[in-house]
>>> print(open('coords29.cif').read())   # mmCIF, C-alpha atoms and all ligand atoms
data_entry
loop_
_atom_site.label_atom_id
_atom_site.label_comp_id
_atom_site.auth_asym_id
_atom_site.auth_seq_id
_atom_site.Cartn_x
_atom_site.Cartn_y
_atom_site.Cartn_z
CA MET A 1149 97.69 39.17 -35.28
CA ASN A 1150 100.78 41.21 -34.62
CA VAL A 1151 103.97 39.18 -35.11
CA GLU A 1152 105.88 41.63 -32.93
CA LYS A 1153 103.94 40.24 -29.96
CA GLU A 1154 105.22 36.69 -30.40
CA PHE A 1155 108.64 37.17 -28.85
CA GLU A 1156 109.62 35.59 -25.56
CA ILE A 1157 112.69 35.94 -23.38
CA LYS A 1158 114.64 33.15 -21.72
CA VAL A 1159 117.89 33.04 -19.76
CA LEU A 1160 119.83 30.20 -21.43
CA LEU A 1161 122.72 30.09 -18.97
CA PRO A 1162 122.77 32.06 -15.71
CA GLY A 1163 125.77 34.21 -14.90
CA PHE A 1164 127.79 34.20 -11.70
CA SER A 1165 130.94 35.66 -10.16
CA ARG A 1166 132.71 34.70 -6.95
CA LEU A 1167 136.10 35.15 -5.35
CA ASN A 1168 137.97 31.89 -4.76
CA GLY A 1169 141.21 32.54 -2.94
CA ASN A 1170 143.13 34.97 -5.11
CA VAL A 1171 141.21 34.32 -8.33
CA MET A 1172 137.80 35.41 -9.54
CA GLU A 1173 135.57 32.70 -10.99
CA ALA A 1174 132.98 34.17 -13.35
CA ASN A 1175 130.83 33.63 -16.38
CA CYS A 1176 128.16 35.86 -17.83
CA THR A 1177 124.42 35.52 -18.19
CA CYS A 1178 123.54 34.27 -21.69
CA THR A 1179 120.03 35.33 -22.73
CA LEU A 1180 117.81 34.46 -25.69
CA ILE A 1181 114.95 36.46 -27.18
CA LYS A 1182 113.07 33.93 -29.30
CA GLY A 1183 110.53 34.74 -31.97
CA PRO A 1184 110.28 35.71 -35.65
CA GLN A 1185 113.85 36.95 -35.14
CA ASN A 1186 116.14 35.19 -32.68
CA ILE A 1187 118.57 37.22 -30.65
CA ILE A 1188 121.28 35.87 -28.34
CA ILE A 1189 122.83 38.23 -25.83
CA ASP A 1190 126.35 37.64 -24.41
CA THR A 1191 127.98 34.39 -25.53
CA ARG A 1192 130.04 33.49 -22.44
CA THR A 1193 133.65 32.28 -22.66
CA ALA A 1194 135.29 30.44 -25.55
CA TRP A 1195 134.91 27.23 -23.52
CA ASP A 1196 131.09 27.37 -23.59
CA GLY A 1197 130.31 26.41 -27.18
CA ALA A 1198 128.85 22.99 -26.39
CA ALA A 1199 126.75 24.35 -23.52
CA ILE A 1200 125.33 27.15 -25.68
CA VAL A 1201 124.48 24.83 -28.58
CA GLU A 1202 122.81 22.40 -26.17
CA SER A 1203 120.78 25.15 -24.52
CA LEU A 1204 119.63 26.39 -27.93
CA ASN A 1205 118.72 22.86 -29.03
CA ASN A 1206 116.61 22.54 -25.88
CA VAL A 1207 114.38 25.34 -27.17
CA GLY A 1208 114.31 24.03 -30.73
CA LEU A 1209 117.00 26.26 -32.21
CA SER A 1210 120.45 25.84 -33.68
CA PRO A 1211 123.16 28.51 -34.06
CA ASN A 1212 122.13 29.12 -37.68
CA ASP A 1213 118.68 30.24 -36.47
CA ILE A 1214 120.18 33.23 -34.65
CA ASN A 1215 119.67 36.55 -36.46
CA TYR A 1216 121.45 38.83 -34.00
CA VAL A 1217 124.34 38.31 -31.60
CA ILE A 1218 124.54 41.15 -29.14
CA CYS A 1219 127.45 41.44 -26.72
CA THR A 1220 126.87 44.06 -24.08
CA HIS A 1221 130.62 44.77 -24.14
CA GLY A 1222 133.84 43.25 -25.40
CA HIS A 1223 135.18 41.39 -22.35
CA SER A 1224 136.21 37.78 -22.90
CA ASP A 1225 133.39 36.28 -20.82
CA HIS A 1226 130.76 37.98 -23.02
CA VAL A 1227 132.02 37.33 -26.56
CA GLY A 1228 133.62 33.87 -26.41
CA CYS A 1229 131.19 31.96 -28.66
CA ASN A 1230 130.27 34.63 -31.21
CA TYR A 1231 131.99 32.42 -33.80
CA LEU A 1232 129.05 29.97 -33.64
CA PHE A 1233 126.69 32.50 -35.23
CA THR A 1234 127.85 33.11 -38.78
CA LYS A 1235 124.36 33.88 -40.12
CA ALA A 1236 123.84 36.72 -37.65
CA ILE A 1237 124.50 40.42 -37.44
CA HIS A 1238 126.97 40.94 -34.58
CA ILE A 1239 126.65 43.92 -32.28
CA VAL A 1240 129.61 43.97 -29.88
CA GLY A 1241 129.49 47.08 -27.75
CA PHE A 1242 129.33 49.99 -30.17
CA SER A 1243 130.55 47.86 -33.13
CA ILE A 1244 127.97 46.50 -35.60
CA SER A 1245 129.14 44.02 -38.22
CA LYS A 1246 128.44 41.04 -40.42
CA GLY A 1247 131.45 39.20 -41.79
CA GLU A 1248 133.92 41.86 -42.84
CA THR A 1249 131.30 44.60 -43.24
CA TYR A 1250 130.92 47.21 -40.51
CA MET A 1251 127.83 49.41 -40.27
CA LEU A 1252 128.53 53.09 -39.66
CA SER A 1253 125.07 53.81 -38.31
CA PRO A 1254 123.41 53.94 -35.90
CA ASP A 1255 126.14 55.73 -34.00
CA PHE A 1256 125.91 54.55 -30.39
CA SER A 1257 128.56 57.11 -29.38
CA ASN A 1258 126.05 59.76 -30.46
CA GLU A 1259 123.29 58.22 -28.27
CA GLU A 1260 121.60 56.65 -31.30
CA GLU A 1261 119.72 53.36 -30.89
CA TYR A 1262 119.66 50.18 -33.00
CA VAL A 1263 116.01 49.30 -33.51
CA ILE A 1264 115.44 45.60 -34.32
CA ASN A 1265 111.66 45.95 -34.25
CA GLN A 1266 109.03 47.92 -32.36
CA ASN A 1267 109.57 45.82 -29.22
CA ILE A 1268 113.34 45.24 -29.25
CA LYS A 1269 116.13 47.78 -29.40
CA VAL A 1270 119.77 48.16 -28.45
CA ILE A 1271 120.81 51.32 -26.62
CA PRO A 1272 124.17 52.67 -25.47
CA THR A 1273 124.73 52.32 -21.70
CA PRO A 1274 128.46 52.97 -21.17
CA GLY A 1275 130.14 52.95 -17.78
CA HIS A 1276 131.44 49.42 -17.09
CA THR A 1277 133.32 49.94 -20.35
CA LEU A 1278 133.02 53.08 -22.43
CA GLN A 1279 131.18 51.11 -25.16
CA ASP A 1280 128.57 49.09 -23.25
CA VAL A 1281 125.14 48.53 -24.77
CA SER A 1282 121.91 47.14 -23.30
CA VAL A 1283 119.02 45.34 -24.99
CA ILE A 1284 115.53 46.63 -24.18
CA PHE A 1285 112.70 44.16 -24.82
CA LYS A 1286 108.99 44.75 -24.30
CA ASP A 1287 106.97 41.53 -24.01
CA LYS A 1288 103.35 40.88 -24.99
CA ASN A 1289 102.16 42.12 -21.60
CA ASN A 1290 104.11 45.36 -22.09
CA LEU A 1291 106.62 44.38 -19.40
CA VAL A 1292 110.03 45.84 -20.16
CA TYR A 1293 113.14 43.69 -19.74
CA ALA A 1294 116.62 45.22 -19.80
CA ILE A 1295 119.52 42.89 -20.55
CA VAL A 1296 122.37 45.03 -19.35
CA GLY A 1297 125.59 43.03 -19.10
CA ASP A 1298 127.87 44.37 -16.39
CA LEU A 1299 126.12 47.71 -16.00
CA PHE A 1300 124.64 45.71 -13.11
CA GLU A 1301 126.79 42.87 -11.70
CA ASN A 1302 123.91 41.26 -9.77
CA GLU A 1303 120.86 42.24 -7.73
CA ASN A 1304 122.93 42.83 -4.58
CA ASP A 1305 124.73 45.74 -6.20
CA LEU A 1306 121.56 47.82 -5.78
CA LEU A 1307 122.31 48.04 -2.05
CA ASN A 1308 126.10 47.86 -2.19
CA GLU A 1309 127.56 49.80 -5.09
CA LEU A 1310 131.05 48.55 -4.29
CA ILE A 1311 129.95 45.31 -5.98
CA TRP A 1312 129.64 46.90 -9.42
CA ILE A 1313 132.47 49.35 -8.88
CA ASN A 1314 134.90 46.61 -7.81
CA ALA A 1315 133.79 44.47 -10.78
CA GLY A 1316 135.39 47.16 -12.93
CA SER A 1317 134.06 50.52 -14.03
CA ASP A 1318 135.75 52.62 -16.70
CA ASN A 1319 133.59 55.62 -15.73
CA ILE A 1320 131.78 55.42 -12.39
CA GLU A 1321 129.69 58.58 -12.85
CA LEU A 1322 128.57 57.52 -16.32
CA GLN A 1323 127.75 54.03 -15.08
CA ARG A 1324 125.73 55.43 -12.18
CA HIS A 1325 123.80 57.63 -14.62
CA ASN A 1326 123.03 54.75 -16.98
CA ARG A 1327 122.02 52.45 -14.11
CA LEU A 1328 119.42 55.02 -13.07
CA LYS A 1329 118.26 55.35 -16.67
CA ILE A 1330 117.72 51.58 -16.91
CA MET A 1331 115.91 51.44 -13.53
CA ASP A 1332 113.62 54.14 -14.87
CA ILE A 1333 112.58 52.26 -18.02
CA ALA A 1334 112.77 48.58 -16.98
CA ASP A 1335 110.41 46.32 -15.05
CA TYR A 1336 113.00 43.53 -14.93
CA ILE A 1337 116.79 43.66 -15.16
CA ILE A 1338 118.93 40.75 -16.33
CA PRO A 1339 122.41 41.56 -14.94
CA GLY A 1340 125.77 40.36 -16.25
CA HIS A 1341 126.58 37.95 -13.45
CA GLY A 1342 123.42 37.11 -11.52
CA ALA A 1343 119.75 36.21 -11.73
CA MET A 1344 117.02 38.41 -13.19
CA PHE A 1345 115.40 40.73 -10.65
CA PRO A 1346 112.38 43.06 -10.65
CA VAL A 1347 112.76 46.81 -10.44
CA ASN A 1348 110.80 48.24 -7.51
CA LYS A 1349 109.11 51.39 -8.73
ZN ZN A 1401 131.28 40.24 -17.28
#
>>> encode(input="coords29.cif", output="structure tokens", more="lines below")
Ligand SMILES: [Zn+2]
Amino acid sequence: MNVEKEFEIKVLLPGFSRLNGNVMEANCTCTLIKGPQNIIIDTRTAWDGAAIVESLNNVGLSPNDINYVICTHGHSDHVGCNYLFTKAIHIVGFSISKGETYMLSPDFSNEEEYVINQNIKVIPTPGHTLQDVSVIFKDKNNLVYAIVGDLFENENDLLNELIWINAGSDNIELQRHNRLKIMDIADYIIPGHGAMFPVNK
């Protein structure tokens, strides 16, 4: 039996964003890859600690069971509860650390990838910010899931690119390029602020 095949993916807390008068209400999608190594992707705002712990408990995990925290980028709605995971390696955008130790490789700015195992890797996908990363996960049926943060705001931004552009883009051309790259490799996309959707090939 191949342990690499035992991983499963689950959205712990779904993301959203909506205009309400002159403010934006938003929180990000928080995703778990559960298996021999446990990986949490995007830890919401600093006000979400109890909700994250509860959602982990519901699948039989506690924060100390998490081996990797991956934040697709450094905005406050994606990194707020990283502090819960002191046993984990933290990958926040292009920065890889544990405690006060920072890893100098792989170098995401040089298009290098962080390989967690043969079915899970972290790749650079800048555009929304200049240091965005995405997690690429292949499940036991060889379906490829891309957890992309705000590279995609939600499914509707496929038809109306003003949605992702207006959500903030530090480099529109680069973001457009990396969106196409993800659509090429993924069967399912988990966007930063909406529900998972399939990629029509
Ligand atoms: Zn966001």
>>> residues_around(input="coords29.cif", residues="range 1228-1241 of chain A", least_positions_apart="4", cutoff="6 Å", atoms="only C-alpha atoms", output="list of chain:residue names")
A:Thr1191, A:Arg1192, A:Thr1193, A:Ala1194, A:Gly1197, A:Pro1211, A:Asn1212, A:Ile1214, A:Asn1215, A:Tyr1216, A:Val1217, A:Ile1218, A:Cys1219, A:Thr1220, A:His1221, A:Ser1224, A:Ser1245, A:Lys1246, A:Gln1279, A:Asp1280, A:Val1281
>>> residues_near_ligand(input="coords29.cif", ligand="ligand ZN 1401 (chain A)", cutoff="9 Å", atoms="only C-alpha atoms and all ligand atoms", output="JSON, numbers by chain")
{"A": [1163, 1164, 1165, 1174, 1175, 1176, 1177, 1192, 1220, 1221, 1223, 1224, 1225, 1226, 1297, 1298, 1301, 1315, 1340, 1341]}
>>> residues_around(input="coords29.cif", residues="Pro1339 in chain A", least_positions_apart="2", cutoff="12 Å", atoms="all atoms listed in the file", output="number ranges by chain")
A: 1159, 1162-1165, 1175-1179, 1189-1190, 1220, 1282-1283, 1293-1306, 1312, 1327, 1330-1331, 1336-1337, 1341-1347
>>> atom_distance(input="coords29.cif", atom1="CA of Ile1268 in chain A", atom2="CA of Asn1289 in chain A")
13.9 Å
>>> atom_distance(input="coords29.cif", atom1="CA of Ile1244 in chain A", atom2="CA of Pro1274 in chain A")
15.8 Å
>>> closest_residue(input="coords29.cif", among="A:Asn1314, A:Thr1273, A:Asn1290, A:Ser1243", to="Asp1335 in chain A", atoms="all atoms listed in the file")
A:Asn1290
>>> residues_around(input="coords29.cif", residues="Ser1317 in chain A", least_positions_apart="5", cutoff="9 Å", atoms="all atoms listed in the file", output="list in words")
Gly1275, His1276, Thr1277, Leu1278, Leu1299, Trp1312 and Gln1323 of chain A
>>> atom_distance(input="coords29.cif", atom1="CA of Glu1248 in chain A", atom2="CA of Ile1187 in chain A")
20.1 Å
>>> closest_residue(input="coords29.cif", among="A:Arg1166, A:His1325, A:Lys1349, A:Lys1158", to="Gly1183 in chain A", atoms="all atoms listed in the file")
A:Lys1158
>>> decode(input="coords29.cif", residues="range 1266-1290 of chain A", atoms="N, CA and C atoms", output="short mmCIF file (atom, residue, chain, number, x, y, z; two decimals), in the first residue's frame")
data_model
loop_
_atom_site.label_atom_id
_atom_site.label_comp_id
_atom_site.auth_asym_id
_atom_site.auth_seq_id
_atom_site.Cartn_x
_atom_site.Cartn_y
_atom_site.Cartn_z
N GLN A 1266 5.06 13.14 -3.16
CA GLN A 1266 4.86 13.00 -4.61
C GLN A 1266 3.49 13.51 -5.07
N ASN A 1267 2.56 13.70 -4.14
CA ASN A 1267 1.22 14.15 -4.52
C ASN A 1267 0.88 15.56 -4.07
N ILE A 1268 1.77 16.21 -3.34
CA ILE A 1268 1.47 17.55 -2.82
C ILE A 1268 2.69 18.45 -3.00
N LYS A 1269 2.48 19.58 -3.66
CA LYS A 1269 3.58 20.54 -3.78
C LYS A 1269 3.04 21.96 -3.74
N VAL A 1270 3.95 22.88 -3.44
CA VAL A 1270 3.63 24.30 -3.39
C VAL A 1270 4.39 24.97 -4.53
N ILE A 1271 3.67 25.75 -5.33
CA ILE A 1271 4.31 26.39 -6.49
C ILE A 1271 4.06 27.89 -6.47
N PRO A 1272 5.00 28.67 -7.01
CA PRO A 1272 4.77 30.12 -7.05
C PRO A 1272 3.74 30.48 -8.11
N THR A 1273 2.75 31.31 -7.72
CA THR A 1273 1.72 31.79 -8.65
C THR A 1273 1.46 33.28 -8.39
N PRO A 1274 2.47 34.13 -8.54
CA PRO A 1274 2.29 35.55 -8.22
C PRO A 1274 1.31 36.24 -9.16
N GLY A 1275 0.85 37.40 -8.71
CA GLY A 1275 -0.09 38.20 -9.50
C GLY A 1275 -0.97 39.02 -8.55
N HIS A 1276 -1.79 38.32 -7.74
CA HIS A 1276 -2.60 39.03 -6.72
C HIS A 1276 -1.66 39.81 -5.81
N THR A 1277 -0.65 39.15 -5.26
CA THR A 1277 0.54 39.83 -4.74
C THR A 1277 1.72 39.27 -5.53
N LEU A 1278 2.87 39.87 -5.34
CA LEU A 1278 4.03 39.41 -6.12
C LEU A 1278 4.66 38.16 -5.51
N GLN A 1279 4.09 37.67 -4.37
CA GLN A 1279 4.65 36.49 -3.71
C GLN A 1279 3.58 35.44 -3.44
N ASP A 1280 2.57 35.35 -4.27
CA ASP A 1280 1.53 34.32 -4.05
C ASP A 1280 2.06 32.92 -4.39
N VAL A 1281 1.59 31.95 -3.60
CA VAL A 1281 1.84 30.54 -3.92
C VAL A 1281 0.50 29.81 -4.00
N SER A 1282 0.51 28.65 -4.66
CA SER A 1282 -0.65 27.76 -4.71
C SER A 1282 -0.21 26.37 -4.31
N VAL A 1283 -1.16 25.62 -3.73
CA VAL A 1283 -0.90 24.23 -3.35
C VAL A 1283 -1.55 23.33 -4.41
N ILE A 1284 -0.78 22.39 -4.92
CA ILE A 1284 -1.27 21.46 -5.93
C ILE A 1284 -1.31 20.07 -5.30
N PHE A 1285 -2.51 19.48 -5.28
CA PHE A 1285 -2.73 18.19 -4.61
C PHE A 1285 -3.37 17.22 -5.58
N LYS A 1286 -2.76 16.06 -5.73
CA LYS A 1286 -3.34 15.01 -6.58
C LYS A 1286 -3.91 13.92 -5.67
N ASP A 1287 -5.22 13.64 -5.81
CA ASP A 1287 -5.85 12.66 -4.91
C ASP A 1287 -5.68 11.23 -5.44
N LYS A 1288 -6.30 10.27 -4.73
CA LYS A 1288 -6.05 8.87 -5.06
C LYS A 1288 -6.65 8.48 -6.42
N ASN A 1289 -7.54 9.30 -6.93
CA ASN A 1289 -8.09 9.06 -8.27
C ASN A 1289 -7.38 9.88 -9.35
N ASN A 1290 -6.22 10.44 -8.94
CA ASN A 1290 -5.42 11.27 -9.86
C ASN A 1290 -6.13 12.55 -10.28
#
